[in-house]
Each structure stands twice: as C-alpha cells, then as structure tokens.
$ cat run_10.csv   # CSV, C-alpha atoms and all ligand atoms
chain,number,residue,atom,x,y,z
A,1,MET,CA,103.4,92.5,92.0
A,2,ARG,CA,106.5,94.0,90.4
A,3,ASP,CA,106.6,97.5,89.1
A,4,ARG,CA,108.3,98.8,85.9
A,5,TYR,CA,111.6,99.0,87.8
A,6,GLY,CA,111.5,95.5,89.1
A,7,ARG,CA,110.6,96.4,92.6
A,8,ILE,CA,108.3,94.0,94.5
A,9,ILE,CA,105.2,95.8,95.8
A,10,ASP,CA,103.9,93.9,98.8
A,11,TYR,CA,103.0,96.6,101.3
A,12,MET,CA,100.1,99.0,101.4
A,13,ARG,CA,99.5,101.9,103.7
A,14,VAL,CA,95.7,102.2,104.3
A,15,SER,CA,94.5,105.6,105.5
A,16,ILE,CA,91.1,105.0,107.0
A,17,THR,CA,90.2,108.6,107.9
A,18,ASP,CA,91.4,112.1,107.4
A,19,ARG,CA,90.1,113.1,110.9
A,20,CYS,CA,92.5,113.5,113.8
A,21,ASN,CA,92.3,114.3,117.5
A,22,LEU,CA,95.6,116.3,117.3
A,23,ARG,CA,96.5,119.3,115.1
A,24,CYS,CA,100.2,118.9,114.5
A,25,LYS,CA,101.2,122.1,112.8
A,26,TYR,CA,103.3,120.3,110.1
A,27,CYS,CA,100.5,118.0,109.2
A,28,MET,CA,97.0,119.2,110.0
A,29,PRO,CA,96.9,122.8,111.2
A,30,ASP,CA,93.7,124.2,112.7
A,31,GLY,CA,91.1,125.4,110.2
A,32,ILE,CA,91.7,122.8,107.5
A,33,ASP,CA,88.8,121.4,105.5
A,34,LEU,CA,87.8,117.8,106.2
A,35,VAL,CA,86.4,115.3,103.6
A,36,PRO,CA,82.6,114.8,103.9
A,37,MET,CA,82.0,111.5,105.6
A,38,GLU,CA,80.0,110.1,102.6
A,39,ASP,CA,83.1,110.5,100.5
A,40,VAL,CA,85.2,108.3,102.8
A,41,MET,CA,85.4,104.6,102.1
A,42,THR,CA,83.3,102.4,104.4
A,43,TYR,CA,85.1,99.6,106.2
A,44,GLU,CA,83.5,97.1,103.8
A,45,GLU,CA,85.0,99.1,100.9
A,46,ILE,CA,88.4,99.3,102.5
A,47,ALA,CA,88.4,95.5,103.2
A,48,GLU,CA,87.3,94.7,99.6
A,49,VAL,CA,90.2,96.8,98.2
A,50,CYS,CA,92.7,95.2,100.6
A,51,SER,CA,91.4,91.7,99.6
A,52,VAL,CA,91.9,92.4,95.9
A,53,ALA,CA,95.3,93.9,96.7
A,54,ALA,CA,96.2,90.6,98.6
A,55,GLU,CA,95.3,88.6,95.5
A,56,LEU,CA,97.8,90.7,93.7
A,57,GLY,CA,100.6,90.1,96.2
A,58,ILE,CA,100.1,92.7,98.9
A,59,ARG,CA,101.2,90.9,102.1
A,60,LYS,CA,101.4,93.7,104.7
A,61,LEU,CA,99.0,96.4,105.6
A,62,LYS,CA,99.6,99.5,107.7
A,63,VAL,CA,96.4,101.1,109.1
A,64,THR,CA,97.0,104.9,109.3
A,65,GLY,CA,95.1,108.2,109.0
A,66,GLY,CA,94.6,111.0,110.1
A,67,GLU,CA,94.4,109.3,113.4
A,68,PRO,CA,93.0,105.7,112.8
A,69,LEU,CA,91.8,105.3,116.3
A,70,VAL,CA,89.3,108.2,116.1
A,71,ARG,CA,87.3,106.2,113.6
A,72,LEU,CA,84.9,104.0,115.6
A,73,GLY,CA,85.3,100.3,115.0
A,74,CYS,CA,88.9,100.5,114.0
A,75,ALA,CA,89.7,97.3,115.9
A,76,ASP,CA,86.9,95.5,113.9
A,77,LEU,CA,88.5,96.7,110.7
A,78,VAL,CA,91.9,95.3,111.9
A,79,HIS,CA,90.2,92.0,112.6
A,80,SER,CA,88.7,91.8,109.1
A,81,LEU,CA,92.0,92.8,107.4
A,82,LYS,CA,93.8,90.1,109.4
A,83,ALA,CA,91.3,87.6,108.1
A,84,ILE,CA,92.0,88.3,104.4
A,85,PRO,CA,93.8,85.3,102.8
A,86,GLY,CA,97.4,86.3,101.9
A,87,ILE,CA,97.7,89.2,104.4
A,88,GLU,CA,100.5,88.3,106.7
A,89,GLN,CA,100.8,91.4,108.8
A,90,VAL,CA,98.5,94.2,109.9
A,91,THR,CA,100.2,97.1,111.8
A,92,MET,CA,99.2,100.6,112.8
A,93,THR,CA,100.6,104.1,113.0
A,94,THR,CA,98.9,106.2,115.7
A,95,ASN,CA,99.5,109.3,117.8
A,96,GLY,CA,98.9,107.2,120.8
A,97,VAL,CA,96.2,109.3,122.5
A,98,LEU,CA,93.5,106.6,122.3
A,99,LEU,CA,95.8,103.6,122.1
A,100,GLY,CA,95.6,102.8,125.8
A,101,ARG,CA,91.8,102.7,125.5
A,102,TYR,CA,91.7,100.4,122.5
A,103,LEU,CA,94.8,98.3,123.1
A,104,HIS,CA,92.9,95.3,124.4
A,105,GLU,CA,90.5,95.2,121.4
A,106,LEU,CA,93.4,95.7,119.0
A,107,LEU,CA,95.3,92.8,120.5
A,108,LYS,CA,92.2,90.6,120.3
A,109,SER,CA,91.9,91.7,116.6
A,110,GLY,CA,95.4,90.4,115.9
A,111,LEU,CA,97.3,93.7,115.4
A,112,ASP,CA,100.9,92.8,114.9
A,113,ALA,CA,102.8,96.0,115.7
A,114,VAL,CA,102.3,99.6,116.4
A,115,ASN,CA,104.2,102.8,115.6
A,116,ILE,CA,103.5,105.7,117.9
A,117,SER,CA,104.4,109.2,117.0
A,118,LEU,CA,106.2,111.2,119.8
A,119,ASP,CA,108.0,114.4,119.1
A,120,THR,CA,108.7,115.6,122.6
A,121,LEU,CA,108.8,114.6,126.3
A,122,SER,CA,107.7,118.1,127.4
A,123,ARG,CA,104.0,118.5,128.1
A,124,GLU,CA,104.1,122.2,127.2
A,125,ARG,CA,106.0,121.6,123.9
A,126,PHE,CA,103.7,118.7,123.1
A,127,ALA,CA,100.7,121.0,123.4
A,128,ALA,CA,102.5,123.6,121.3
A,129,ILE,CA,103.3,121.2,118.5
A,130,THR,CA,100.1,119.2,118.4
A,131,GLY,CA,97.6,121.9,119.6
A,132,ARG,CA,96.4,119.6,122.3
A,133,ASP,CA,97.5,118.8,125.9
A,134,GLU,CA,97.6,115.0,125.5
A,135,LEU,CA,101.1,114.0,126.4
A,136,PRO,CA,100.2,112.1,129.6
A,137,ASP,CA,97.8,109.8,127.7
A,138,VAL,CA,100.4,109.2,124.9
A,139,LEU,CA,103.1,108.2,127.5
A,140,GLU,CA,100.6,105.9,129.2
A,141,SER,CA,99.8,104.3,125.9
A,142,ILE,CA,103.4,103.8,125.1
A,143,GLU,CA,104.0,102.0,128.5
A,144,ALA,CA,100.9,99.8,127.9
A,145,ALA,CA,101.9,98.9,124.4
A,146,ILE,CA,105.4,98.0,125.6
A,147,ALA,CA,103.9,95.7,128.3
A,148,SER,CA,101.7,94.0,125.6
A,149,PRO,CA,102.9,91.5,123.1
A,150,LEU,CA,103.0,94.2,120.4
A,151,ARG,CA,106.2,95.3,118.7
A,152,VAL,CA,106.5,99.0,119.4
A,153,LYS,CA,108.3,101.7,117.5
A,154,LEU,CA,108.3,105.5,118.2
A,155,ASN,CA,108.3,107.9,115.3
A,156,VAL,CA,110.0,111.2,116.0
A,157,LEU,CA,109.8,114.3,113.7
A,158,LEU,CA,112.4,116.9,114.7
A,159,GLN,CA,112.0,120.5,113.8
A,160,LYS,CA,114.9,123.0,114.0
A,161,GLY,CA,114.6,125.3,117.0
A,162,ILE,CA,111.4,123.6,118.2
A,163,ASN,CA,112.3,120.1,119.5
A,164,ASP,CA,115.6,119.2,118.0
A,165,GLU,CA,117.4,119.7,121.3
A,166,GLU,CA,115.4,116.7,122.6
A,167,TRP,CA,116.8,114.3,120.1
A,168,PHE,CA,119.1,112.4,122.5
A,169,ALA,CA,116.5,112.3,125.3
A,170,LEU,CA,114.1,110.7,122.8
A,171,ALA,CA,116.7,108.4,121.4
A,172,SER,CA,117.6,107.3,124.9
A,173,LEU,CA,114.1,105.8,125.4
A,174,ALA,CA,115.6,102.9,123.5
A,175,LYS,CA,118.2,102.4,126.2
A,176,GLU,CA,115.9,100.9,128.8
A,177,LYS,CA,112.8,100.2,126.9
A,178,PRO,CA,112.4,97.4,124.3
A,179,LEU,CA,111.4,99.7,121.5
A,180,ASP,CA,112.9,101.3,118.4
A,181,VAL,CA,113.1,105.1,118.2
A,182,ARG,CA,113.0,106.3,114.6
A,183,PHE,CA,113.8,109.8,113.4
A,184,ILE,CA,111.8,110.8,110.3
A,185,GLU,CA,113.1,113.7,108.2
A,186,MET,CA,110.5,116.4,107.7
A,187,MET,CA,109.1,116.0,104.1
A,188,PRO,CA,108.0,119.1,102.1
A,189,ILE,CA,104.4,117.8,101.8
A,190,GLY,CA,101.5,120.0,102.8
A,191,SER,CA,102.3,122.2,105.8
A,192,GLY,CA,105.6,120.3,106.2
A,193,ARG,CA,106.9,122.7,103.5
A,194,GLU,CA,106.8,125.5,106.1
A,195,PHE,CA,109.1,123.7,108.6
A,196,THR,CA,112.8,123.1,108.7
A,197,GLY,CA,113.7,119.6,109.7
A,198,ILE,CA,116.9,118.0,110.8
A,199,ALA,CA,119.2,116.0,108.5
A,200,ASN,CA,119.4,112.5,109.8
A,201,PRO,CA,123.1,112.1,108.8
A,202,GLU,CA,123.9,114.8,111.4
A,203,LEU,CA,122.2,112.7,114.1
A,204,ARG,CA,123.9,109.6,113.0
A,205,GLU,CA,127.3,111.3,113.1
A,206,GLU,CA,126.6,112.7,116.6
A,207,LEU,CA,125.5,109.3,117.8
A,208,ARG,CA,128.7,107.7,116.5
A,209,ARG,CA,130.8,110.4,118.2
A,210,ARG,CA,129.1,109.7,121.5
A,211,PHE,CA,129.2,105.9,121.0
A,212,PRO,CA,132.2,104.9,118.9
A,213,ASP,CA,131.2,101.2,119.3
A,214,LEU,CA,127.8,101.9,117.5
A,215,GLU,CA,126.9,99.0,115.2
A,216,GLU,CA,124.9,99.1,112.0
A,217,ASP,CA,121.8,97.0,112.6
A,218,GLY,CA,121.0,95.1,109.4
A,219,SER,CA,118.2,93.0,110.8
A,220,VAL,CA,114.7,93.5,109.4
A,221,HIS,CA,112.6,95.7,111.7
A,222,GLY,CA,109.5,96.3,109.6
A,223,ASN,CA,108.3,97.1,106.1
A,224,GLY,CA,109.7,100.5,105.7
A,225,PRO,CA,112.7,102.4,104.5
A,226,ALA,CA,114.3,102.9,107.9
A,227,THR,CA,118.0,102.0,108.5
A,228,TYR,CA,119.0,101.2,112.0
A,229,VAL,CA,121.9,101.4,114.3
A,230,LYS,CA,122.4,99.6,117.6
A,231,ILE,CA,124.2,100.9,120.7
A,232,PRO,CA,125.7,98.0,122.6
A,233,GLY,CA,123.8,97.4,125.8
A,234,TRP,CA,120.7,99.3,124.7
A,235,ASN,CA,117.4,97.4,124.5
A,236,GLY,CA,116.1,98.9,121.3
A,237,SER,CA,117.6,100.3,118.1
A,238,ILE,CA,117.7,103.8,116.6
A,239,GLY,CA,116.2,104.1,113.2
A,240,PHE,CA,116.5,106.8,110.5
A,241,ILE,CA,113.9,107.4,107.8
A,242,SER,CA,115.8,109.8,105.6
A,243,ALA,CA,113.5,110.8,102.7
A,244,ILE,CA,115.6,113.9,102.0
A,245,HIS,CA,119.2,112.8,102.9
A,246,GLY,CA,119.1,109.1,102.1
A,247,LYS,CA,116.9,108.4,99.1
A,248,PHE,CA,115.4,104.9,99.5
A,249,CYS,CA,113.3,104.7,96.3
A,250,ASP,CA,115.3,101.7,94.9
A,251,SER,CA,113.7,99.6,97.6
A,252,CYS,CA,110.2,101.1,97.5
A,253,ASN,CA,107.7,98.4,98.2
A,254,ARG,CA,104.5,100.3,98.7
A,255,LEU,CA,101.1,101.7,97.5
A,256,ARG,CA,99.0,104.1,99.5
A,257,LEU,CA,95.2,103.7,99.8
A,258,VAL,CA,93.7,107.1,100.7
A,259,SER,CA,90.5,107.2,102.7
A,260,GLN,CA,88.6,108.8,99.9
A,261,GLY,CA,89.1,105.8,97.8
A,262,GLU,CA,92.2,106.6,95.8
A,263,ILE,CA,95.4,104.7,95.3
A,264,LYS,CA,98.6,106.7,95.3
A,265,PRO,CA,101.7,105.3,93.5
A,266,CYS,CA,104.1,107.7,95.3
A,267,LEU,CA,103.9,110.1,98.2
A,268,CYS,CA,105.6,112.9,96.3
A,269,TYR,CA,103.3,113.2,93.3
A,270,GLY,CA,99.6,114.2,93.1
A,271,ASP,CA,98.7,111.3,90.7
A,272,ALA,CA,96.2,108.8,92.0
A,273,VAL,CA,93.9,106.2,90.6
A,274,GLY,CA,90.3,106.7,91.7
A,275,LEU,CA,88.5,103.7,93.1
A,276,MET,CA,85.1,105.3,94.2
A,277,PRO,CA,83.5,105.0,90.7
A,278,ILE,CA,84.3,101.3,90.8
A,279,LEU,CA,83.4,100.7,94.5
A,280,ARG,CA,80.1,102.6,94.3
A,281,GLY,CA,79.3,102.3,90.6
A,282,GLU,CA,79.8,98.6,89.8
A,283,GLN,CA,77.1,96.5,91.5
A,284,ASP,CA,78.3,93.1,90.2
A,285,ALA,CA,80.8,91.8,92.8
A,286,GLU,CA,82.9,89.8,90.3
A,287,LYS,CA,83.1,92.7,87.8
A,288,ARG,CA,83.9,95.1,90.7
A,289,ARG,CA,86.8,93.0,91.8
A,290,ALA,CA,88.1,92.7,88.3
A,291,LYS,CA,88.0,96.5,87.9
A,292,LEU,CA,89.6,97.0,91.3
A,293,ARG,CA,92.4,94.6,90.2
A,294,ALA,CA,93.0,96.6,87.0
A,295,ALA,CA,93.0,99.9,89.0
A,296,LEU,CA,95.6,98.5,91.4
A,297,GLU,CA,97.7,97.2,88.6
A,298,GLU,CA,97.5,100.6,86.9
A,299,ALA,CA,98.8,102.3,90.1
A,300,VAL,CA,101.7,99.9,90.3
A,301,ARG,CA,102.6,100.6,86.7
A,302,ALA,CA,102.4,104.3,87.4
A,303,LYS,CA,105.0,104.1,90.2
A,304,PRO,CA,107.7,106.6,89.3
A,305,LYS,CA,111.4,105.6,89.6
A,306,GLN,CA,111.9,108.0,92.5
A,307,HIS,CA,110.6,110.9,94.5
A,308,CYS,CA,111.9,114.5,94.2
A,309,PHE,CA,111.7,115.8,97.8
A,310,GLU,CA,115.1,117.3,97.4
A,311,GLU,CA,113.7,119.5,94.5
A,312,PRO,CA,110.5,120.7,96.1
A,313,GLU,CA,109.5,122.7,93.0
A,314,HIS,CA,108.9,119.4,91.2
A,315,ILE,CA,106.6,118.0,93.9
A,316,THR,CA,103.0,117.8,92.6
A,317,GLU,CA,101.3,116.4,95.7
A,318,THR,CA,99.3,119.3,97.1
A,319,GLY,CA,97.4,117.4,99.8
A,320,ARG,CA,98.1,117.2,103.5
A,321,MET,CA,100.1,114.4,105.1
A,322,GLY,CA,97.1,113.7,107.4
A,323,ARG,CA,94.9,113.0,104.4
A,324,ILE,CA,97.5,110.7,102.7
A,325,GLY,CA,98.5,108.8,105.8
A,326,GLY,CA,102.3,109.4,105.9
B,401,LIG,N1,98.1,110.1,113.3
B,401,LIG,C1,99.0,109.1,113.2
B,401,LIG,C2,100.4,109.5,113.7
B,401,LIG,O1,100.6,110.6,114.0
B,401,LIG,O2,101.2,108.6,113.9
B,401,LIG,C3,99.1,108.5,111.8
B,401,LIG,C4,99.2,109.5,110.6
B,401,LIG,S1,100.5,110.5,110.6
B,401,LIG,C5,100.3,111.4,109.1
B,401,LIG,C6,101.9,109.4,110.2
B,401,LIG,C7,103.2,109.9,110.4
B,401,LIG,O3,103.5,111.0,109.5
B,401,LIG,C8,103.5,110.5,111.8
B,401,LIG,O4,104.6,109.8,112.4
B,401,LIG,C9,103.9,112.0,111.5
B,401,LIG,O5,104.9,112.4,112.4
B,401,LIG,C10,104.4,111.9,110.1
B,401,LIG,N2,104.3,113.1,109.3
B,401,LIG,C11,103.3,114.0,109.3
B,401,LIG,N3,103.7,115.1,108.5
B,401,LIG,C12,104.9,114.9,108.1
B,401,LIG,C13,105.9,115.5,107.2
B,401,LIG,N4,105.6,116.7,106.6
B,401,LIG,N5,107.1,115.0,107.0
B,401,LIG,C14,107.4,113.8,107.5
B,401,LIG,N6,106.6,113.1,108.3
B,401,LIG,C15,105.3,113.6,108.6
B,402,LIG,FE1,97.2,113.9,113.5
B,402,LIG,FE2,99.2,112.2,113.1
B,402,LIG,FE3,98.9,114.4,111.6
B,402,LIG,FE4,99.6,114.7,114.1
B,402,LIG,S1,100.8,113.7,112.5
B,402,LIG,S2,98.0,115.9,113.0
B,402,LIG,S3,98.6,113.1,115.0
B,402,LIG,S4,97.5,112.7,111.6
$ encode --input "run_10.csv" --output "structure tokens"
Amino acid sequence: MRDRYGRIIDYMRVSITDRCNLRCKYCMPDGIDLVPMEDVMTYEEIAEVCSVAAELGIRKLKVTGGEPLVRLGCADLVHSLKAIPGIEQVTMTTNGVLLGRYLHELLKSGLDAVNISLDTLSRERFAAITGRDELPDVLESIEAAIASPLRVKLNVLLQKGINDEEWFALASLAKEKPLDVRFIEMMPIGSGREFTGIANPELREELRRRFPDLEEDGSVHGNGPATYVKIPGWNGSIGFISAIHGKFCDSCNRLRLVSQGEIKPCLCYGDAVGLMPILRGEQDAEKRRAKLRAALEEAVRAKPKQHCFEEPEHITETGRMGRIGG
C-alpha cells in the first residue's frame, strides 16, 4: 500500500493487550483504567485483521502491548501470524520479565526477533521506574534471548535526572554482546508528557567525542526509524530513535492496530478507524473481509504527512502509550 505521500506502508504494530506486569511511570502509572476484556480483540479477530492487512501489502508485524507476554497464548498467536500468506516477519517488543519463561515456545512459533526494554542496570532504579522489582528476570531473559537464534535489540528510554547518567553503561552492553542498544527519545504521549527526556543528538555527539572513529551504520537493522552507529570492535550497534530531534516521517511505513480493534494512522493524533463494528457486526466472512480491507485503506489514506511532537499543543492523541503499543 502507498499512502497519499507516496510512502510504502508494509509494517503494522499489533498491540494485543493494554495489560502489563510493570507500571513504568512514563507509560502506565498505577491507578489507570484498563479496557474491559470483552472490548479487546480475540486472537482470531487479530489474526483476521492481520490477514487482510497482508493482502493489502503489510509484510512485517510487531507484536506489542501493554506487555504482550502477559496475554495467555501469545506464542500461539505468533504462530498463527507467521502462517499468514504474505507475512514475512513477526517480531515482538517486550519488557522481558516473562520472556525467559516463554522463549522456547516463541522460538517454536517462529518469532524472528525481539526488542527488550531496559532503562537501567540498577535493581533499585528499575523498581523505582517500573514500580516492580523485576530486573533480575529481565537480565536473565536478555541473556537467554542472546543465546537463542533471535535477533535482539534493547530499547532504552532516558529520563533527565533519573537514569540519564547510565547511558554509556547501557550503550556498552553492545560492546561484548551481539545486540543493538537503541535510545528512544521520550515522546509527549500520555504520561510521557510529564517527563523530560534526553535529546539523542547530544548522545551521538558524546559518543563521537569518545570514539572519533565511530562509523555511521547504514545497514538495515529492522523495520523502524532508528539510525545506527558502529564503534569499531564492538559486537552490536548503537541506535537512535529520535522522534523529537530527528523527524523520520518521510520514511514512515506503519499502521498501528490497537487491542480494542482500532487502526491508528499516526501515533501523534487521536484519529483511528474502528474495526469492532465490522469484526463483531458482520457475520458474512467475505463481506467482513471486504469491509476490513476498506477500513485499512481508509487508515492508510488518513496518514498525515508528519507528526507534531515538537509542538505538543497540537498533539491530539490522549491515550497512554501502553494502550497504543509504542
Ligand atoms: N511492554 C513492552 C515494552 O515495554 O517493551 C511493549 C510496549 S511499550 C509501550 C513499547 C515501548 O514504548 C517501550 O520500549 C517503552 O519504553 C516505549 N515507551 C513507552 N512510553 C513512551 C514514551 N512516552 N515515549 C517514548 N517511548 C515510550
Ligand atoms: Fe508496561 Fe512496556 Fe509500558 Fe513499561 S513501557 S508500563 S513495560 S507497556
């Protein structure tokens, strides 16, 4: 599919739950309302939407949440998504707490790669950021994932005065380990508005100062907007996802399927195309697929030229990142 600006849309992020076993303050603080389970798409409904999306040209799916691994049977879903004709890659973003437990099943299901979120190497700080004392399990999961055939990336969200001093320790994980470490700039979505992030150009500059022989890494690492640098001798690369200080909308390739059955054309705006009336209202399978196709095409047509994170007053998305899926 091509949108109005000529961009090829071949990637869909699929949020399968708004539930999570952590409570990262910038994403899902304690006390938030959860969507009633009957309003969340079933796995059959998710698979049907993904299958129609594949007919329209979606080739890569990212399973996300909330925390995807808190939803029972997540590996079975991965298996059914991998079986959809046209889908070339199914990957996952997880906080890693349950990854060790489900890794074997996920590998059997054909998962291609995993992104694990890790903001700190300090157990105390982890508990303060996420509300839960789960760092040891996350670190074990990271080791297990690295030892498996999966491609592994770490997602780091730096907050000024909270964990920014750890940036180099976190980046250095890519020195010995075969994984990419990516710094994601804090986006002013949901509770993220209340936190001050770190500008990626500052980190890049500091890395270049420390490693004058730093090289740009133009090789393709995934489906996303990250740019990468490589430090000679290091195993993995350092990536930057710079929504605020490095607008990447020209190469936007994505749709977002939210667990309540909505398709979001852009993370920044509240607009969404509702699929539940089609999924639950149209009993005829052929007509249902035709209507889903039309809804997905409508979402692609509605993709805006660019986000406006640098002008927060124009952001119309009012939901939490944990509901949208990042
Ligand atoms: N629970 C999984 C995890 O943490 O990886 C998947 C969902 S989570 C919403 C996906 C990613 O969004 C995480 O890497 C998280 O750090 C990031 N994220 C959450 N809130 C954010 C914000 N306000 N700005 C930028 N990234 C955010
Ligand atoms: Fe949960 Fe991921 Fe949000 Fe943290 S960032 S609260 S782990 S969904």
$ residues_around --input "run_10.csv" --residues "stretch 185-197 of chain A" --least-positions-apart "3" --cutoff "6 Å" --atoms "all atoms listed in the file" --output "PDB file with C-alpha atoms, keeping the file's coordinate frame"
ATOM      1  CA  TYR A  26     103.300 120.300 110.100  1.00  0.00           C
ATOM      2  CA  CYS A  27     100.500 118.000 109.200  1.00  0.00           C
ATOM      3  CA  LEU A 158     112.400 116.900 114.700  1.00  0.00           C
ATOM      4  CA  GLN A 159     112.000 120.500 113.800  1.00  0.00           C
ATOM      5  CA  LYS A 160     114.900 123.000 114.000  1.00  0.00           C
ATOM      6  CA  SER A 242     115.800 109.800 105.600  1.00  0.00           C
ATOM      7  CA  GLY A 319      97.400 117.400  99.800  1.00  0.00           C
ATOM      8  CA  ARG A 320      98.100 117.200 103.500  1.00  0.00           C
TER       9      ARG A 320
END
$ closest_residue --input "run_10.csv" --among "A:Ala145, A:His79, A:Ala302, A:Ser259" --to "A:Leu34" --atoms "only C-alpha atoms"
A:Ser259
$ closest_atom_pairs --input "run_10.csv" --of "chain A" --to "ligand LIG 401 (chain B)" --cutoff "9 Å" --atoms "all atoms listed in the file" --output "JSON lines"
{"residue": "A:Ser15", "atom": "CA", "partner": "B:LIG401", "partner_atom": "C4", "distance": 8.0}
{"residue": "A:Asp18", "atom": "CA", "partner": "B:LIG401", "partner_atom": "C4", "distance": 8.8}
{"residue": "A:Arg19", "atom": "CA", "partner": "B:LIG401", "partner_atom": "N1", "distance": 8.9}
{"residue": "A:Cys20", "atom": "CA", "partner": "B:LIG401", "partner_atom": "N1", "distance": 6.6}
{"residue": "A:Asn21", "atom": "CA", "partner": "B:LIG401", "partner_atom": "N1", "distance": 8.3}
{"residue": "A:Leu22", "atom": "CA", "partner": "B:LIG401", "partner_atom": "N1", "distance": 7.8}
{"residue": "A:Cys24", "atom": "CA", "partner": "B:LIG401", "partner_atom": "C11", "distance": 7.8}
{"residue": "A:Lys25", "atom": "CA", "partner": "B:LIG401", "partner_atom": "N3", "distance": 8.6}
{"residue": "A:Tyr26", "atom": "CA", "partner": "B:LIG401", "partner_atom": "N3", "distance": 5.5}
{"residue": "A:Cys27", "atom": "CA", "partner": "B:LIG401", "partner_atom": "N3", "distance": 4.4}
{"residue": "A:Met28", "atom": "CA", "partner": "B:LIG401", "partner_atom": "N3", "distance": 8.0}
{"residue": "A:Val63", "atom": "CA", "partner": "B:LIG401", "partner_atom": "C3", "distance": 8.3}
{"residue": "A:Thr64", "atom": "CA", "partner": "B:LIG401", "partner_atom": "C3", "distance": 4.9}
{"residue": "A:Gly65", "atom": "CA", "partner": "B:LIG401", "partner_atom": "C4", "distance": 4.6}
{"residue": "A:Gly66", "atom": "CA", "partner": "B:LIG401", "partner_atom": "N1", "distance": 4.8}
{"residue": "A:Glu67", "atom": "CA", "partner": "B:LIG401", "partner_atom": "N1", "distance": 3.8}
{"residue": "A:Pro68", "atom": "CA", "partner": "B:LIG401", "partner_atom": "N1", "distance": 6.8}
{"residue": "A:Leu69", "atom": "CA", "partner": "B:LIG401", "partner_atom": "N1", "distance": 8.5}
{"residue": "A:Met92", "atom": "CA", "partner": "B:LIG401", "partner_atom": "C3", "distance": 8.0}
{"residue": "A:Thr93", "atom": "CA", "partner": "B:LIG401", "partner_atom": "O2", "distance": 4.6}
{"residue": "A:Thr94", "atom": "CA", "partner": "B:LIG401", "partner_atom": "O2", "distance": 3.8}
{"residue": "A:Asn95", "atom": "CA", "partner": "B:LIG401", "partner_atom": "O1", "distance": 4.2}
{"residue": "A:Gly96", "atom": "CA", "partner": "B:LIG401", "partner_atom": "O2", "distance": 7.4}
{"residue": "A:Asn115", "atom": "CA", "partner": "B:LIG401", "partner_atom": "O2", "distance": 6.7}
{"residue": "A:Ile116", "atom": "CA", "partner": "B:LIG401", "partner_atom": "O2", "distance": 5.4}
{"residue": "A:Ser117", "atom": "CA", "partner": "B:LIG401", "partner_atom": "O2", "distance": 4.5}
{"residue": "A:Leu118", "atom": "CA", "partner": "B:LIG401", "partner_atom": "O5", "distance": 7.6}
{"residue": "A:Asp119", "atom": "CA", "partner": "B:LIG401", "partner_atom": "O5", "distance": 7.6}
{"residue": "A:Leu154", "atom": "CA", "partner": "B:LIG401", "partner_atom": "O4", "distance": 8.1}
{"residue": "A:Asn155", "atom": "CA", "partner": "B:LIG401", "partner_atom": "O4", "distance": 5.1}
{"residue": "A:Val156", "atom": "CA", "partner": "B:LIG401", "partner_atom": "O5", "distance": 6.4}
{"residue": "A:Leu157", "atom": "CA", "partner": "B:LIG401", "partner_atom": "O5", "distance": 5.4}
{"residue": "A:Ile184", "atom": "CA", "partner": "B:LIG401", "partner_atom": "C14", "distance": 6.0}
{"residue": "A:Glu185", "atom": "CA", "partner": "B:LIG401", "partner_atom": "C14", "distance": 5.7}
{"residue": "A:Met186", "atom": "CA", "partner": "B:LIG401", "partner_atom": "N5", "distance": 3.7}
{"residue": "A:Met187", "atom": "CA", "partner": "B:LIG401", "partner_atom": "N5", "distance": 3.7}
{"residue": "A:Pro188", "atom": "CA", "partner": "B:LIG401", "partner_atom": "N4", "distance": 5.6}
{"residue": "A:Ile189", "atom": "CA", "partner": "B:LIG401", "partner_atom": "N4", "distance": 5.1}
{"residue": "A:Gly190", "atom": "CA", "partner": "B:LIG401", "partner_atom": "N4", "distance": 6.5}
{"residue": "A:Ser191", "atom": "CA", "partner": "B:LIG401", "partner_atom": "N4", "distance": 6.5}
{"residue": "A:Gly192", "atom": "CA", "partner": "B:LIG401", "partner_atom": "N4", "distance": 3.6}
{"residue": "A:Arg193", "atom": "CA", "partner": "B:LIG401", "partner_atom": "N4", "distance": 6.9}
{"residue": "A:Glu194", "atom": "CA", "partner": "B:LIG401", "partner_atom": "N4", "distance": 8.9}
{"residue": "A:Phe195", "atom": "CA", "partner": "B:LIG401", "partner_atom": "N4", "distance": 8.1}
{"residue": "A:Gly197", "atom": "CA", "partner": "B:LIG401", "partner_atom": "N5", "distance": 8.5}
{"residue": "A:Ala243", "atom": "CA", "partner": "B:LIG401", "partner_atom": "C14", "distance": 8.3}
{"residue": "A:Arg320", "atom": "CA", "partner": "B:LIG401", "partner_atom": "N3", "distance": 7.8}
{"residue": "A:Met321", "atom": "CA", "partner": "B:LIG401", "partner_atom": "N3", "distance": 5.0}
{"residue": "A:Gly322", "atom": "CA", "partner": "B:LIG401", "partner_atom": "C5", "distance": 4.3}
{"residue": "A:Arg323", "atom": "CA", "partner": "B:LIG401", "partner_atom": "C5", "distance": 7.3}
{"residue": "A:Ile324", "atom": "CA", "partner": "B:LIG401", "partner_atom": "C5", "distance": 7.0}
{"residue": "A:Gly325", "atom": "CA", "partner": "B:LIG401", "partner_atom": "C5", "distance": 4.6}
{"residue": "A:Gly326", "atom": "CA", "partner": "B:LIG401", "partner_atom": "O3", "distance": 4.1}
$ atom_distance --input "run_10.csv" --atom1 "atom CA of A:Asp213" --atom2 "atom CA of A:Phe240"
18.0 Å
$ atom_distance --input "run_10.csv" --atom1 "atom CA of A:Val181" --atom2 "atom CA of A:Phe126"
17.2 Å
$ atom_distance --input "run_10.csv" --atom1 "atom CA of A:Gly246" --atom2 "atom CA of A:Phe309"
10.9 Å
$ residues_around --input "run_10.csv" --residues "A:Arg7" --least-positions-apart "4" --cutoff "7 Å" --atoms "all atoms listed in the file" --output "MDAnalysis selection string"
chainID A and resid 2:3 251:253
$ axis_aligned_box --input "run_10.csv" --around "stretch 193-196 of chain A" --padding-each-side "5 Å" --output "JSON"
{"center_x": 109.8, "center_y": 124.1, "center_z": 106.1, "size_x": 16.0, "size_y": 12.8, "size_z": 15.2}
$ closest_residue --input "run_10.csv" --among "A:Ile32, A:Val90, A:Val52, A:Leu150" --to "ligand LIG 402 (chain B)" --atoms "only C-alpha atoms and all ligand atoms"
A:Ile32
$ closest_atom_pairs --input "run_10.csv" --of "stretch 13-89 of chain A" --to "stretch 266-277 of chain A" --cutoff "10 Å" --atoms "all atoms listed in the file" --output "CSV"
residue,atom,partner,partner_atom,distance
A:Asp39,CA,A:Met276,CA,8.4
A:Val40,CA,A:Met276,CA,9.1
A:Met41,CA,A:Met276,CA,7.9
A:Glu45,CA,A:Met276,CA,9.1
A:Val49,CA,A:Leu275,CA,8.7
$ closest_residue --input "run_10.csv" --among "A:Arg151, A:Arg293, A:His307, A:Lys230" --to "A:Ala171" --atoms "all atoms listed in the file"
A:Lys230
